[in-house]
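Visitor: What follows is data12.txt; its format and atoms are compact mmCIF, C-alpha atoms.
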# COMPACT_ATOMS: atom_id res chain seq x y z
CA MET A 1 73.12 55.31 -11.48
CA ARG A 2 73.52 54.77 -7.79
CA LYS A 3 70.44 54.72 -5.57
CA LYS A 4 69.83 57.85 -3.55
CA ALA A 5 69.27 57.67 0.19
CA VAL A 6 68.42 60.32 2.78
CA LEU A 7 70.32 59.86 6.03
CA LEU A 8 69.52 61.52 9.34
CA LEU A 9 72.93 62.58 10.62
CA SER A 10 73.21 63.98 14.14
CA GLY A 11 76.97 63.71 14.31
CA GLY A 12 76.78 61.11 17.07
CA LEU A 13 78.24 57.61 17.22
CA ASP A 14 75.14 55.88 15.88
CA SER A 15 74.45 58.04 12.84
CA ALA A 16 78.17 58.08 11.92
CA THR A 17 78.02 54.27 11.83
CA VAL A 18 74.86 54.34 9.71
CA LEU A 19 76.58 56.73 7.28
CA ALA A 20 79.39 54.19 6.83
CA ILE A 21 76.86 51.37 6.39
CA ALA A 22 74.86 53.28 3.75
CA LYS A 23 78.03 54.21 1.86
CA ALA A 24 79.28 50.60 2.00
CA ALA A 25 75.92 49.45 0.61
CA GLY A 26 76.49 51.70 -2.41
CA TYR A 27 73.98 54.46 -1.76
CA GLU A 28 74.45 58.04 -2.88
CA VAL A 29 73.91 59.74 0.47
CA TYR A 30 71.94 62.95 1.09
CA ALA A 31 72.50 63.85 4.74
CA LEU A 32 70.07 65.86 6.85
CA SER A 33 70.93 67.46 10.21
CA PHE A 34 68.92 69.74 12.48
CA LEU A 35 69.54 72.86 14.46
CA TYR A 36 66.57 72.40 16.76
CA GLY A 37 67.58 74.30 19.86
CA GLN A 38 69.70 71.49 21.31
CA ARG A 39 72.21 72.40 24.05
CA HIS A 40 74.76 69.98 22.57
CA LEU A 41 75.47 71.97 19.41
CA GLY A 42 78.91 70.38 18.98
CA GLU A 43 77.24 67.44 17.24
CA ILE A 44 76.53 69.62 14.18
CA ALA A 45 80.25 70.38 13.77
CA CYS A 46 80.84 66.60 13.94
CA ALA A 47 78.15 66.04 11.30
CA GLU A 48 79.93 68.47 9.00
CA LYS A 49 83.31 66.79 9.52
CA LEU A 50 81.79 63.39 8.82
CA THR A 51 80.16 64.55 5.57
CA GLU A 52 83.49 65.96 4.41
CA LYS A 53 85.30 62.74 5.19
CA TYR A 54 82.73 60.49 3.53
CA GLY A 55 82.14 62.43 0.32
CA ILE A 56 78.38 62.53 0.30
CA ALA A 57 76.13 64.02 -2.40
CA GLU A 58 74.64 66.82 -0.28
CA HIS A 59 74.27 67.92 3.34
CA LYS A 60 71.29 69.99 4.40
CA ILE A 61 70.89 71.52 7.84
CA ALA A 62 67.30 72.36 8.74
CA LYS A 63 66.62 74.98 11.39
CA ILE A 64 63.57 74.19 13.48
CA ASP A 65 62.84 75.52 16.91
CA LEU A 66 61.79 72.69 19.21
CA THR A 67 62.21 74.97 22.24
CA LEU A 68 58.69 76.14 21.25
CA PHE A 69 57.45 73.02 23.01
CA GLN A 70 58.72 72.81 26.55
CA GLY A 71 59.63 69.84 28.65
CA SER A 72 62.97 68.40 27.57
CA ALA A 73 66.36 68.76 29.23
CA LEU A 74 67.96 68.71 25.76
CA THR A 75 66.30 71.98 24.76
CA SER A 76 66.18 73.84 28.09
CA ASN A 77 68.06 74.43 31.32
CA LEU A 78 66.57 71.42 33.08
CA PRO A 79 69.39 69.31 34.55
CA VAL A 80 70.47 66.28 32.51
CA PRO A 81 70.41 63.15 34.73
CA LYS A 82 73.88 61.82 35.52
CA HIS A 83 75.52 58.62 36.75
CA LEU A 84 72.51 56.33 36.32
CA SER A 85 73.22 52.61 36.63
CA ALA A 86 72.98 50.29 33.63
CA GLU A 87 69.65 49.06 35.02
CA GLU A 88 68.27 52.55 35.40
CA ILE A 89 69.13 53.75 31.87
CA GLY A 90 66.15 53.24 29.57
CA LYS A 91 63.89 51.95 32.36
CA ASP A 92 61.65 55.02 32.30
CA ILE A 93 61.38 57.69 29.64
CA PRO A 94 63.86 60.32 30.84
CA VAL A 95 63.72 64.11 30.92
CA THR A 96 66.09 64.23 27.93
CA TYR A 97 63.26 62.91 25.74
CA VAL A 98 62.23 65.60 23.22
CA PRO A 99 58.51 65.34 22.37
CA ALA A 100 57.98 63.77 18.94
CA ARG A 101 61.56 64.50 17.86
CA ASN A 102 62.09 61.46 15.65
CA THR A 103 58.61 61.89 14.16
CA ILE A 104 59.58 65.43 13.16
CA PHE A 105 63.06 64.41 11.92
CA LEU A 106 61.65 61.56 9.83
CA SER A 107 58.94 63.84 8.42
CA PHE A 108 61.61 66.22 7.13
CA ALA A 109 63.59 63.25 5.79
CA LEU A 110 60.44 62.17 3.94
CA ALA A 111 60.06 65.64 2.39
CA TYR A 112 63.73 65.58 1.39
CA ALA A 113 63.42 62.07 -0.09
CA GLU A 114 60.37 63.03 -2.10
CA SER A 115 62.00 66.19 -3.44
CA ILE A 116 65.06 64.33 -4.77
CA GLY A 117 63.32 61.11 -5.81
CA ALA A 118 64.87 58.92 -3.09
CA ARG A 119 62.95 55.95 -1.73
CA ASP A 120 65.36 55.02 1.08
CA ILE A 121 65.73 56.77 4.44
CA PHE A 122 68.38 55.76 7.01
CA ILE A 123 68.12 56.49 10.73
CA GLY A 124 70.44 55.34 13.52
CA VAL A 125 67.86 54.45 16.15
CA ASN A 126 68.53 51.51 18.42
CA SER A 127 66.40 49.94 21.06
CA LEU A 128 68.88 48.01 23.20
CA ASP A 129 71.52 50.32 24.69
CA TYR A 130 69.37 53.43 24.54
CA SER A 131 67.71 56.03 26.73
CA GLY A 132 64.23 54.52 26.53
CA TYR A 133 62.75 56.97 24.03
CA PRO A 134 59.46 55.63 22.57
CA ASP A 135 60.33 56.90 19.09
CA CYS A 136 63.36 54.60 18.82
CA ARG A 137 61.39 51.33 18.93
CA PRO A 138 60.82 49.03 15.94
CA GLU A 139 57.02 49.33 16.20
CA PHE A 140 57.25 53.12 15.88
CA ILE A 141 59.50 52.85 12.81
CA ALA A 142 57.14 50.34 11.17
CA ALA A 143 54.16 52.63 11.78
CA PHE A 144 56.04 55.63 10.40
CA GLU A 145 56.97 53.70 7.25
CA ASN A 146 53.35 52.67 6.77
CA MET A 147 52.21 56.28 7.15
CA ALA A 148 54.96 57.56 4.82
CA ASN A 149 53.69 55.27 2.10
CA LEU A 150 50.31 57.02 2.21
CA ALA A 151 51.69 60.55 2.60
CA THR A 152 53.45 61.39 -0.61
CA ALA A 153 52.85 61.98 -4.28
CA MET A 154 55.22 59.21 -5.38
CA THR A 155 53.42 56.42 -3.56
CA GLY A 156 50.55 56.50 -6.03
CA GLN A 157 53.07 55.19 -8.56
CA GLY A 158 53.66 51.85 -6.82
CA GLU A 159 56.97 52.91 -5.29
CA LYS A 160 57.70 52.25 -1.65
CA ILE A 161 59.47 54.30 0.98
CA LYS A 162 61.76 52.16 3.13
CA ILE A 163 63.02 53.31 6.54
CA HIS A 164 66.34 51.56 7.14
CA THR A 165 67.35 51.04 10.78
CA PRO A 166 70.51 48.91 10.56
CA LEU A 167 71.36 49.44 14.25
CA ILE A 168 67.97 48.77 15.78
CA ASN A 169 68.80 45.36 17.24
CA LEU A 170 72.48 45.93 18.00
CA THR A 171 74.09 46.67 21.36
CA LYS A 172 76.33 49.71 21.56
CA ALA A 173 79.36 47.39 21.57
CA GLU A 174 78.12 45.69 18.38
CA ILE A 175 77.50 49.06 16.73
CA ILE A 176 81.07 50.16 17.49
CA LYS A 177 82.50 46.85 16.27
CA ARG A 178 80.59 47.24 13.01
CA GLY A 179 81.76 50.84 12.61
CA ILE A 180 85.40 50.02 13.32
CA ALA A 181 85.25 47.30 10.65
CA LEU A 182 83.97 49.93 8.19
CA GLY A 183 86.71 52.41 9.16
CA VAL A 184 84.58 54.91 11.12
CA ASP A 185 86.70 57.45 12.99
CA TYR A 186 84.76 57.82 16.23
CA ALA A 187 87.00 60.73 17.27
CA MET A 188 84.87 62.70 14.79
CA THR A 189 81.62 61.98 16.64
CA ALA A 190 79.89 63.54 19.64
CA SER A 191 77.19 61.92 21.74
CA CYS A 192 77.09 63.83 25.05
CA TYR A 193 73.77 65.39 26.11
CA ASP A 194 75.46 68.02 28.29
CA PRO A 195 78.93 68.93 27.02
CA ALA A 196 78.85 72.48 28.53
CA GLY A 197 82.03 73.55 26.76
CA ARG A 198 83.84 70.23 27.23
CA LYS A 199 84.00 67.39 24.70
CA ALA A 200 81.70 65.27 26.89
CA CYS A 201 80.45 65.22 30.49
CA GLY A 202 81.24 61.51 30.88
CA ALA A 203 78.20 60.93 33.08
CA CYS A 204 74.94 61.35 31.10
CA ASP A 205 73.14 58.34 29.60
CA ALA A 206 74.69 58.94 26.19
CA CYS A 207 78.23 59.12 27.62
CA LEU A 208 77.77 56.07 29.85
CA LEU A 209 76.30 53.92 27.06
CA ARG A 210 79.13 54.96 24.76
CA GLN A 211 81.87 54.25 27.33
CA LYS A 212 80.38 50.82 27.98
CA GLY A 213 80.37 50.07 24.26
CA PHE A 214 84.03 50.96 23.83
CA LEU A 215 85.02 49.09 27.01
CA GLU A 216 83.35 45.93 25.72
CA ASN A 217 85.51 46.29 22.58
CA ASN A 218 88.60 46.73 24.81
CA MET A 219 89.02 50.27 23.50
CA ARG A 220 89.10 53.75 24.91
CA ASP A 221 86.60 56.25 23.50
CA PRO A 222 88.71 58.20 20.98
CA ALA A 223 86.47 61.27 21.34
CA LEU A 224 87.43 61.81 24.98
CA MET B 1 38.68 71.62 33.44
CA ARG B 2 38.15 71.88 29.70
CA LYS B 3 39.92 69.46 27.41
CA LYS B 4 42.92 70.85 25.57
CA ALA B 5 43.22 70.51 21.81
CA VAL B 6 45.96 71.48 19.38
CA LEU B 7 44.61 72.98 16.17
CA LEU B 8 46.54 73.47 12.94
CA LEU B 9 45.53 76.96 11.84
CA SER B 10 46.63 78.19 8.43
CA GLY B 11 44.28 81.15 8.38
CA GLY B 12 42.35 79.69 5.46
CA LEU B 13 38.65 78.93 5.14
CA ASP B 14 38.94 75.31 6.25
CA SER B 15 41.02 75.78 9.39
CA ALA B 16 38.90 78.79 10.45
CA THR B 17 35.85 76.52 10.28
CA VAL B 18 37.62 73.83 12.29
CA LEU B 19 38.52 76.44 14.92
CA ALA B 20 34.83 77.29 15.30
CA ILE B 21 33.93 73.58 15.48
CA ALA B 22 36.56 72.86 18.17
CA LYS B 23 35.45 75.88 20.22
CA ALA B 24 31.78 74.87 19.88
CA ALA B 25 32.71 71.38 21.09
CA GLY B 26 34.12 72.93 24.26
CA TYR B 27 37.85 72.46 23.70
CA GLU B 28 40.48 74.79 25.06
CA VAL B 29 42.30 75.52 21.80
CA TYR B 30 46.07 75.76 21.33
CA ALA B 31 46.63 76.95 17.77
CA LEU B 32 49.72 76.22 15.71
CA SER B 33 50.66 78.03 12.50
CA PHE B 34 53.74 77.81 10.31
CA LEU B 35 56.02 80.19 8.54
CA TYR B 36 57.40 77.63 6.13
CA GLY B 37 58.49 79.74 3.20
CA GLN B 38 55.02 79.99 1.63
CA ARG B 39 54.46 82.74 -0.93
CA HIS B 40 50.97 83.38 0.45
CA LEU B 41 52.09 84.89 3.75
CA GLY B 42 48.84 86.80 4.19
CA GLU B 43 47.32 83.66 5.69
CA ILE B 44 49.40 84.12 8.85
CA ALA B 45 47.90 87.59 9.43
CA CYS B 46 44.48 85.95 9.05
CA ALA B 47 45.43 83.25 11.55
CA GLU B 48 46.35 85.94 14.07
CA LYS B 49 43.07 87.81 13.54
CA LEU B 50 41.11 84.58 13.98
CA THR B 51 42.88 83.70 17.23
CA GLU B 52 42.13 87.16 18.60
CA LYS B 53 38.46 86.89 17.67
CA TYR B 54 38.02 83.40 19.09
CA GLY B 55 39.84 83.79 22.38
CA ILE B 56 42.05 80.76 22.29
CA ALA B 57 44.47 79.59 25.01
CA GLU B 58 47.68 80.06 23.03
CA HIS B 59 48.92 80.61 19.48
CA LYS B 60 52.35 79.39 18.45
CA ILE B 61 53.95 80.15 15.10
CA ALA B 62 56.71 77.71 14.15
CA LYS B 63 59.34 78.79 11.66
CA ILE B 64 60.47 75.98 9.42
CA ASP B 65 62.08 76.33 6.04
CA LEU B 66 60.43 74.01 3.54
CA THR B 67 62.17 75.84 0.69
CA LEU B 68 65.09 73.53 1.63
CA PHE B 69 63.28 70.87 -0.36
CA GLN B 70 62.51 72.02 -3.86
CA GLY B 71 59.64 71.22 -6.13
CA SER B 72 56.52 73.09 -5.01
CA ALA B 73 54.95 76.18 -6.53
CA LEU B 74 53.87 77.25 -3.02
CA THR B 75 57.47 77.67 -1.88
CA SER B 76 59.19 78.83 -5.07
CA ASN B 77 58.71 80.93 -8.18
CA LEU B 78 57.15 78.10 -10.19
CA PRO B 79 53.88 79.32 -11.69
CA VAL B 80 50.70 78.38 -9.82
CA PRO B 81 48.21 76.70 -12.23
CA LYS B 82 45.17 78.85 -12.98
CA HIS B 83 41.66 78.46 -14.36
CA LEU B 84 41.48 74.67 -14.17
CA SER B 85 38.04 73.16 -14.71
CA ALA B 86 36.14 71.46 -11.86
CA GLU B 87 37.06 68.12 -13.44
CA GLU B 88 40.74 68.99 -13.64
CA ILE B 89 41.12 70.15 -10.02
CA GLY B 90 42.28 67.25 -7.84
CA LYS B 91 42.62 64.86 -10.80
CA ASP B 92 46.41 64.74 -10.61
CA ILE B 93 48.68 65.86 -7.81
CA PRO B 94 49.45 69.48 -8.74
CA VAL B 95 52.66 71.50 -8.59
CA THR B 96 51.32 73.33 -5.53
CA TYR B 97 51.76 70.12 -3.51
CA VAL B 98 54.48 70.62 -0.86
CA PRO B 99 56.36 67.36 -0.16
CA ALA B 100 55.25 65.82 3.14
CA ARG B 101 53.79 69.11 4.38
CA ASN B 102 50.90 67.69 6.39
CA THR B 103 53.19 64.99 7.81
CA ILE B 104 55.51 67.73 9.06
CA PHE B 105 52.67 69.94 10.33
CA LEU B 106 51.04 67.03 12.19
CA SER B 107 54.42 66.02 13.66
CA PHE B 108 54.82 69.46 15.18
CA ALA B 109 51.21 69.33 16.40
CA LEU B 110 52.05 66.02 18.07
CA ALA B 111 55.07 67.57 19.83
CA TYR B 112 52.90 70.50 20.94
CA ALA B 113 50.15 68.17 22.18
CA GLU B 114 52.60 66.08 24.14
CA SER B 115 54.23 69.11 25.73
CA ILE B 116 50.91 70.51 27.04
CA GLY B 117 49.24 67.19 27.82
CA ALA B 118 46.65 67.40 25.02
CA ARG B 119 45.31 64.24 23.40
CA ASP B 120 43.29 65.88 20.63
CA ILE B 121 44.61 67.37 17.41
CA PHE B 122 42.37 69.13 14.87
CA ILE B 123 43.23 69.56 11.19
CA GLY B 124 41.06 71.00 8.42
CA VAL B 125 41.88 68.54 5.66
CA ASN B 126 39.16 67.56 3.24
CA SER B 127 39.15 65.09 0.43
CA LEU B 128 36.23 66.17 -1.73
CA ASP B 129 36.68 69.75 -3.00
CA TYR B 130 40.47 69.72 -2.74
CA SER B 131 43.61 69.97 -4.80
CA GLY B 132 44.33 66.22 -4.81
CA TYR B 133 47.10 66.23 -2.21
CA PRO B 134 47.82 62.69 -0.95
CA ASP B 135 48.26 63.89 2.64
CA CYS B 136 44.64 65.07 2.86
CA ARG B 137 43.09 61.61 2.47
CA PRO B 138 41.40 59.65 5.29
CA GLU B 139 43.82 56.71 4.94
CA PHE B 140 46.79 59.03 5.50
CA ILE B 141 45.20 60.54 8.61
CA ALA B 142 44.42 57.08 10.02
CA ALA B 143 48.02 55.95 9.46
CA PHE B 144 49.37 59.11 11.09
CA GLU B 145 47.15 58.59 14.13
CA ASN B 146 48.34 55.00 14.43
CA MET B 147 51.99 56.14 14.24
CA ALA B 148 51.39 58.97 16.73
CA ASN B 149 50.13 56.46 19.26
CA LEU B 150 53.49 54.68 19.15
CA ALA B 151 55.63 57.83 19.03
CA THR B 152 55.20 59.56 22.34
CA ALA B 153 55.91 59.16 26.02
CA MET B 154 52.26 59.50 27.02
CA THR B 155 51.04 56.58 24.97
CA GLY B 156 52.66 54.11 27.34
CA GLN B 157 50.06 55.28 29.85
CA GLY B 158 47.05 53.98 27.94
CA GLU B 159 46.09 57.38 26.57
CA LYS B 160 45.25 57.84 22.93
CA ILE B 161 46.02 60.60 20.49
CA LYS B 162 43.03 61.42 18.30
CA ILE B 163 43.37 63.30 15.01
CA HIS B 164 40.08 65.10 14.41
CA THR B 165 39.19 65.85 10.77
CA PRO B 166 35.65 67.24 10.97
CA LEU B 167 35.71 68.46 7.34
CA ILE B 168 37.14 65.39 5.67
CA ASN B 169 33.91 64.23 4.02
CA LEU B 170 32.31 67.64 3.42
CA THR B 171 32.13 69.58 0.18
CA LYS B 172 33.37 73.16 0.24
CA ALA B 173 29.74 74.33 0.18
CA GLU B 174 28.93 72.17 3.21
CA ILE B 175 32.01 73.46 5.07
CA ILE B 176 30.93 77.07 4.48
CA LYS B 177 27.35 76.28 5.54
CA ARG B 178 28.63 74.73 8.76
CA GLY B 179 30.92 77.70 9.43
CA ILE B 180 28.21 80.29 8.77
CA ALA B 181 25.97 78.46 11.26
CA LEU B 182 28.78 78.74 13.83
CA GLY B 183 29.30 82.45 13.11
CA VAL B 184 32.62 82.22 11.25
CA ASP B 185 33.57 85.52 9.62
CA TYR B 186 35.09 84.33 6.36
CA ALA B 187 36.24 87.89 5.57
CA MET B 188 38.99 87.09 8.09
CA THR B 189 40.32 84.13 6.09
CA ALA B 190 42.68 83.80 3.12
CA SER B 191 42.95 80.78 0.86
CA CYS B 192 44.67 81.97 -2.34
CA TYR B 193 47.88 80.18 -3.38
CA ASP B 194 49.14 83.19 -5.34
CA PRO B 195 47.88 86.49 -3.91
CA ALA B 196 50.90 88.53 -5.17
CA GLY B 197 49.91 91.65 -3.26
CA ARG B 198 46.18 91.27 -3.87
CA LYS B 199 43.68 89.63 -1.51
CA ALA B 200 43.31 86.69 -3.91
CA CYS B 201 44.09 85.86 -7.55
CA GLY B 202 40.62 84.44 -8.15
CA ALA B 203 41.93 81.74 -10.49
CA CYS B 204 44.06 79.17 -8.58
CA ASP B 205 42.55 75.89 -7.33
CA ALA B 206 42.04 77.31 -3.84
CA CYS B 207 40.24 80.42 -5.13
CA LEU B 208 38.07 78.44 -7.57
CA LEU B 209 37.04 75.85 -4.98
CA ARG B 210 36.21 78.62 -2.53
CA GLN B 211 34.16 80.63 -5.05
CA LYS B 212 32.19 77.51 -5.97
CA GLY B 213 31.48 76.85 -2.29
CA PHE B 214 30.10 80.34 -1.69
CA LEU B 215 28.10 80.30 -4.94
CA GLU B 216 26.41 77.05 -3.90
CA ASN B 217 25.39 78.84 -0.69
CA ASN B 218 24.07 81.77 -2.76
CA MET B 219 26.69 84.03 -1.23
CA ARG B 220 29.54 86.15 -2.39
CA ASP B 221 32.97 85.41 -0.92
CA PRO B 222 33.30 88.10 1.77
CA ALA B 223 37.11 88.04 1.52
CA LEU B 224 37.09 89.36 -2.06
For the structure just supplied, provide its representation as structure tokens.

Guide:
Amino acid sequence: MRKKAVLLLSGGLDSATVLAIAKAAGYEVYALSFLYGQRHLGEIACAEKLTEKYGIAEHKIAKIDLTLFQGSALTSNLPVPKHLSAEEIGKDIPVTYVPARNTIFLSFALAYAESIGARDIFIGVNSLDYSGYPDCRPEFIAAFENMANLATAMTGQGEKIKIHTPLINLTKAEIIKRGIALGVDYAMTASCYDPAGRKACGACDACLLRQKGFLENNMRDPAL
Amino acid sequence: MRKKAVLLLSGGLDSATVLAIAKAAGYEVYALSFLYGQRHLGEIACAEKLTEKYGIAEHKIAKIDLTLFQGSALTSNLPVPKHLSAEEIGKDIPVTYVPARNTIFLSFALAYAESIGARDIFIGVNSLDYSGYPDCRPEFIAAFENMANLATAMTGQGEKIKIHTPLINLTKAEIIKRGIALGVDYAMTASCYDPAGRKACGACDACLLRQKGFLENNMRDPAL
């Protein structure tokens, strides 16, 4: 029997790559996406397309309302910063940061894993070409894994939860290279923080990091 | 200015006591409750009565659907165990355990705290007279606090999140004694896992632990 894994799937470039990596490693994938009040809802449609293409075991979409807690441009009408330079992106924690979002997403992934008997959780965080969110860093992931191993009923039985972060030390260009090698169709992904009816704004951090990654692979972004 | 605290308020005996403790300690309380698919919905009405009585700053109710992840008697039609002996309660992890529930609740509390600039989170877990849930133990709380201090934007500024668990080493009788001294009206609380239209079944772990606690204080449970 193949090993089960829970995968956090936003529908963006990173999580699509992680899906391909988990599948290539032989896992039976249980994908989890969130409707959390994000303005960039198009990513959920991408998540659904990706799960169809990759033939996963199950796809759950959890509805949680993170607009309850104010402060992020991703869940409100605050303007999304545009046209930052490569040096500016990730320098300070930006207004697109959603308080405790990855902590909440991983907590749901932990509940999902426990309910299906999975011990492996995949998340597409990376800490090089990123927006500077604190909950994407390796030390956060390590602390979450440590906590998870004290949180659940299964851990009394000597089993260990493992949080897999295969992208954490890769640049965006390296992530894309890896995904291309695994046959990921990046036309099926969406990364933009502020699509506003278009496919992508082309100017937010997520768009700029993505463009740079494709450029460094001498490619055009197929999602544009 | 008074210090802000986020308090997880189920509407049960324990969290009502913690509310009184946080108020007595001078905190400005921001209460957070959950509609998570629990069968014992009456506790939310109790939470609302308690917040009215205690004059808190704000009460948020987050809707999350933990029935997505199967396996618990609290979020399904599985029978709730009844009439266990004092030795049996808490010996094994029971079917009323909800996978990763306190991890999820604390994650939302962390998001709430970050969004209002609070550094203090109160939760009414206890690890003596309890149902044996792994996410009520001191080692879990310590690991969550450690993770929380790597998860958020504010922690880069030298500030620390503190998870307060004032009941963690108290028996149910001691919790009730403490609450009575602080003027808690336990008639306004609900603890039963399986009320089914009544106030309480009188036979689930939560009811039995509660009855024992009042008996040891030579009192009758005012909620019955």

Visitor: Set the cut-off to 10 Å and count all atoms listed in the file: what are the residues of chain A that reach chain B? Output as JSON, numbers by chain.

Guide: {"A": [60, 61, 62, 63, 64, 65, 66, 68, 69, 70, 71, 72, 92, 93, 94, 97, 98, 99, 100, 101, 102, 103, 104, 105, 106, 107, 108, 109, 110, 111, 112, 113, 114, 115, 116, 132, 133, 134, 135, 136, 137, 138, 139, 140, 141, 142, 143, 144, 145, 146, 147, 148, 149, 150, 151, 152, 153, 154, 155, 156]}

Visitor: May I have the residues within 7 Å of region 182-197 of chain A as a list in words, using all atoms listed in the file and disregarding those fewer than 5 positions away in the same chain?

Guide: Gly11, Gly12, Leu13, Thr17, Ala20, Arg39, His40, Gly42, Glu43, Cys46, Lys49, Leu50, Leu74, Val80, Cys204, Ala206, Cys207, Pro222 and Ala223 of chain A

Visitor: Would you work out the distance separating CA of Asn77 (chain A) from CA of Gly90 (chain A), expressed in Å to one decimal?

Guide: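 Going from CA of Asn77 (chain A) over to CA of Gly90 (chain A) covers 21.3 Å.
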
Visitor: Would you kindly return, as a PDB file with C-alpha atoms, keeping the file's coordinate frame, each protein, DNA or RNA residue with an atom no farther than 9 Å from any atom of His83 (chain A), considering only C-alpha atoms and excluding same-chain residues fewer than 4 positions away?

Guide:
ATOM      1  CA  GLY A 202      81.240  61.510  30.880  1.00  0.00           C
ATOM      2  CA  ALA A 203      78.200  60.930  33.080  1.00  0.00           C
ATOM      3  CA  CYS A 204      74.940  61.350  31.100  1.00  0.00           C
ATOM      4  CA  ASP A 205      73.140  58.340  29.600  1.00  0.00           C
ATOM      5  CA  LEU A 208      77.770  56.070  29.850  1.00  0.00           C
TER       6      LEU A 208
END

Visitor: So what do you get for CA of Leu8 (chain B) versus CA of Ile123 (chain B), distance-wise?

Guide: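 Between CA of Leu8 (chain B) and CA of Ile123 (chain B) the gap works out to 5.4 Å.
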
Visitor: Rounded to one decimal in Å, what is the spacing between CA of Asn126 (chain A) and CA of Ile21 (chain A)?

Guide: 14.6 Å

Visitor: Which polymer residues have any atom within 12 Å of an atom of Lys23 (chain B), counting all atoms listed in the file, with same-chain residues fewer than 2 positions away left out, as an MDAnalysis selection string?

Guide: chainID B and resid 2:7 16:21 25:31 51 53:57 122 179 182:184

Visitor: Which residues, written as an mmCIF file with C-alpha atoms, in the coordinates of the input, have at least one atom at most 7 Å from Lys162 (chain B), with only C-alpha atoms counted and residues fewer than 2 positions away on the same chain left out?

Guide:
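Once everything was written out, this is around04.cif:
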data_model
loop_
_atom_site.group_PDB
_atom_site.id
_atom_site.type_symbol
_atom_site.label_atom_id
_atom_site.label_comp_id
_atom_site.auth_asym_id
_atom_site.auth_seq_id
_atom_site.Cartn_x
_atom_site.Cartn_y
_atom_site.Cartn_z
ATOM 1 C CA ARG B 119 45.310 64.240 23.400
ATOM 2 C CA ASP B 120 43.290 65.880 20.630
ATOM 3 C CA ILE B 121 44.610 67.370 17.410
ATOM 4 C CA GLU B 145 47.150 58.590 14.130
ATOM 5 C CA LYS B 160 45.250 57.840 22.930
ATOM 6 C CA HIS B 164 40.080 65.100 14.410
#
